[in-house]
Amino acid sequence: MGKFEKLNIGQGINLYVLPTDKFKTVSISYCFHRDLDENYTYNALIPAVMKRGCQGYETIRDMERYLESQYGAIFDVGIQKKGERHILRFSMDVVNDNYIPHGGTAVVAQAFHFLNRVITKPILEEGVFKSEYVDQEKINLRNRIESLINDKMSYSMERCIQFMCQKEKYSRYVYGSVEDIDKIDNINLYDVYNDILTTSPLDIFVVGDIDSTKVQNLLEGTLKLDRGIIKKIPETAIKKMGIEPKEYIEQMDITQGKLNIGFRTNTSFTEEDYYPLVVCSSVLGGGPHSKLFMNVREKASLAYYAFSQLEKFKGLMFIGAGIDFDNYDRTFEIINAQLEDIRNGIISDKELDASKRSIITALKGIKDQPGQIIDYYLGNVVANTDQSIDDFIDSIEKVDRDEVTRVSHKIKLDTIYFLRNQ
Amino acid sequence: MNSVIKNDILCETMHFRQLKNGLNIYVIPKGGYNKQFAIYATKYGSNDISFIVPGEKNPTTVPYGIAHFLEHKLFEDEDINVFDEYSRLGAHPNAFTNFNTTAYHFTSTDNFYECLDILVGFVGRPYFTDESVEKEKGIIAQEILMYEDNPDWKVFFNMLRALYEKHPVRNDIAGTIESIGQINKELLYRCYETFYHPSNMALFVAGDVDPNRIFDQVEAHFEKGIKKQQEIRRIYPEEPDVAIKEEVREKMSVSRPLFAIGFKDTPVGTGGKSLLKHIMINDIITDMLIGPSSDLYNKLYEQGLIDDSFDCGYIGEKDYGHIMMSGETSDIDRLLDEVGRAIDNIKNTAFEEELFFQIKKKKMGQFIRNFNYIEGMGYMFVSLFVKDVEIFDYMEVLESISYNDIHNQLPNIFHENSRTISIIEPI
């Protein structure tokens, strides 16, 4: 498998094509970049409205019937948060023409036409979005935001983030806020849609058995965007010093307590320190080799899960564990002791090596999944860096114990959140 | 016995060897892939509570959750720490237990053959002590409590308990805190000896690997002279055709009601292609009735009765089967009305034939797509293995389904009293 061919096709649109015959599918992803600003609820609603239909395929039924006839093409829309950036994503995943029984049917070519149509030809009435679709998707979005509470693991993590980043854009929930939904109508939503098409940086990723010339030909003539001045997305704020750790306890009618702890790593994805930080988080809670797994789960039998993970774009680290309500203090002490050990350089060769091997396995594995390949390079675009997976692997190989210990001192406790029973 | 099976549409080849002890090993080489995936599975899950050990006369009955408990405990070894060994090699190991299967697997990118030795080694070497069994009860109790707070899980199991009166599928996979309390090392050894015989197991590998090296290496793990096992008789109580409850409700901390509608099917009774065909027919029926391209789905969506959280499909094994439709709704009564009316409607007027062909196309695409993802291939393989189905038979069976098959099955699945509804309401 080669490298992405990057082509600027003008007007703030970049095309990334990775030609490979490794997969039986062609994956296409259009990503519009937005600041996570006060319009964030609009950003979340727009893809949902556009998924309802476009000119030519006016209902979900019409769209689905078309996709089924394309051998179960998968069309999806979504909204993602990467640091303080909101990404609207329109994607299509189709079986490559070569693998279609009884002779090919130009499924790949049609996929581009379909996506372009969805993006540029939404269903309008009186020159704005169809109100029926907007009204209904407003309700669905509200339900979606409110249903966060159903999944206690995600809910407690999100609450931890909200408390921790309460004065920062990053506290905004990826699907928007219920309060904002009331302010949205089909007219102002259509304005934001037009602003996105005109001013948002757009990246188009394609992975599969297809070359960039062919993709360019397929885009030409069907992707007609009226582009204006392309907005520059502000950088995500990362450094934060002088933090007073805070503790928040909330109650709910549940049977297992959820402990979430948020830290500032004070390290950005593009710094050299990022590599030892990744290793540090893995030593702490990155799998069965980690200190949290060994000490919280295996030795103390306090939890079924206990992990640590990074939010690389915002420079945060989170620990999560599901525990008995009464074990809150004890679990926190054990977790703290693990981090202290790392800070004191108590990391065995076995732990260090296993962490590096585990990270490298995950990195190599990215190359086997089109969706992960796209996500990795989208991350590069967001962080404004151009680092191949192989370079990343080399950098992880070189990390030593002293570096891990050094970056662990930059990690500052910010917020402890515990969800318990009433 | 070695064999090589090619599939020209998929451009994939499967290599197979059966060992003298009955273990079946399957390898699909995937040139150019960085990852290797190995999954080692036994036909043994949470449903296997009552059975006759080969060579014995009387049935053995064990506590609920023991298959899952055994899965946790097999990772413990007398001499090595299995997780450490895998970690040293950078592999990502895991395991799962469901109703019919326990499977141990790893993903590696380097040192595949060493990882394979670890896998086949520890699964073949039970080591349980009273102390370690007791300690595991604490971890599994936390796992059970985690599911207690999960409304999707709850709405699903409440539905199963309302559909099935006696079949063990109505019990939680991990058991209960009380039932795991009864587990001891003697019971674990007894279940192990019964269900972890190579004849009851299969190993599947996908990745850029050498099939013959895998076959020889795995064969060397077993003592020579192990004979194939006699059949394990699994005992399931007589189960009525109808759902035992029309409705079951529970309150939890959720934002709005969650539902799971179940339709109980008459089981096929055997595995193999006939079971696979039966599953696909029911899957297509579900899709034609209420999949996203159906009129019903669109009507329900447009009326705000369902949203993106909606999901539907057929779950079928040799001894049980049901359709499930689940999601969130703001009006369960209206939703049930509409579904009921649509079912009556298709029983009287036929499904659209064009839609049938389209959905078959979709299923074909979905199957081909699985071969992109080596872990996905492994999971699919295991799910077909417990049904006694070969992975490459899938396309042939799908092709063989006719429009008439669909209509012949309708009265069997949507009969009087086959339906139940499980609801989780906000507190």
# chains A, B, ... in the order shown; residues from 1 in each chain; ligands from 1
>>> select_by_dssp(residues="region 98-166 of chain B", states="helix (DSSP H, G or I)", output="PyMOL selection string")
chain B and resi 112-123+130-148+151-163
>>> select_by_dssp(residues="region 149-310 of chain B", states="strand (DSSP E or B)", output="PyMOL selection string")
chain B and resi 201-207+233-234+247-252+258-264
>>> atom_distance(atom1="CA of Asn98 (chain B)", atom2="CA of Ala67 (chain B)")
8.8 Å
>>> closest_residue(among="A:Thr41, A:Thr236, A:Asn380, A:Gln422", to="chain B", atoms="only C-alpha atoms")
A:Gln422
>>> residues_around(residues="region 225-228 of chain A", least_positions_apart="6", cutoff="7 Å", atoms="only C-alpha atoms", output="list in words")
Gln11, Leu197, Thr198 and Thr199 of chain A
>>> write_last_selection(atoms="C-alpha atoms", output="PDB file, in the first residue's frame")
ATOM      1  CA  GLN A  11     -11.042  26.868  -3.274  1.00  0.00           C
ATOM      2  CA  LEU A 197     -20.520  25.087   1.678  1.00  0.00           C
ATOM      3  CA  THR A 198     -19.036  28.482   0.880  1.00  0.00           C
ATOM      4  CA  THR A 199     -16.436  28.992   3.598  1.00  0.00           C
TER       5      THR A 199
END
>>> atom_distance(atom1="CA of Val296 (chain A)", atom2="CA of Tyr189 (chain B)")
27.6 Å
>>> closest_residue(among="A:Asp211, A:Asp135, A:Asp195, A:Glu235", to="chain B", atoms="only C-alpha atoms")
A:Asp135
>>> closest_residue(among="A:Ile46, A:Leu292, A:Leu413, A:Leu302", to="Pro122 (chain A)", atoms="only C-alpha atoms")
A:Ile46
>>> residues_around(residues="region 374-382 of chain B", least_positions_apart="4", cutoff="8 Å", atoms="only C-alpha atoms", output="PyMOL selection string")
chain B and resi 35-39+41+107+204-207+370+386+390-391
>>> residues_around(residues="region 252-257 of chain B", least_positions_apart="3", cutoff="7 Å", atoms="only C-alpha atoms", output="ChimeraX atom specification")
/A:146-147,149-150,253 /B:328-330,423-427
>>> atom_distance(atom1="CA of Glu179 (chain A)", atom2="CA of Leu36 (chain A)")
16.3 Å
>>> residues_around(residues="region 50-55 of chain A", least_positions_apart="3", cutoff="6 Å", atoms="only C-alpha atoms", output="ChimeraX atom specification")
/A:47,58-60,118,121-123
>>> closest_residue(among="B:Asn171, B:Gln366, B:Ser132, B:Gln230", to="Glu56 (chain B)", atoms="only C-alpha atoms")
B:Gln230
>>> closest_residue(among="B:Ile28, B:Ile359, B:Leu289, B:Val209", to="chain A", atoms="only C-alpha atoms")
B:Ile359
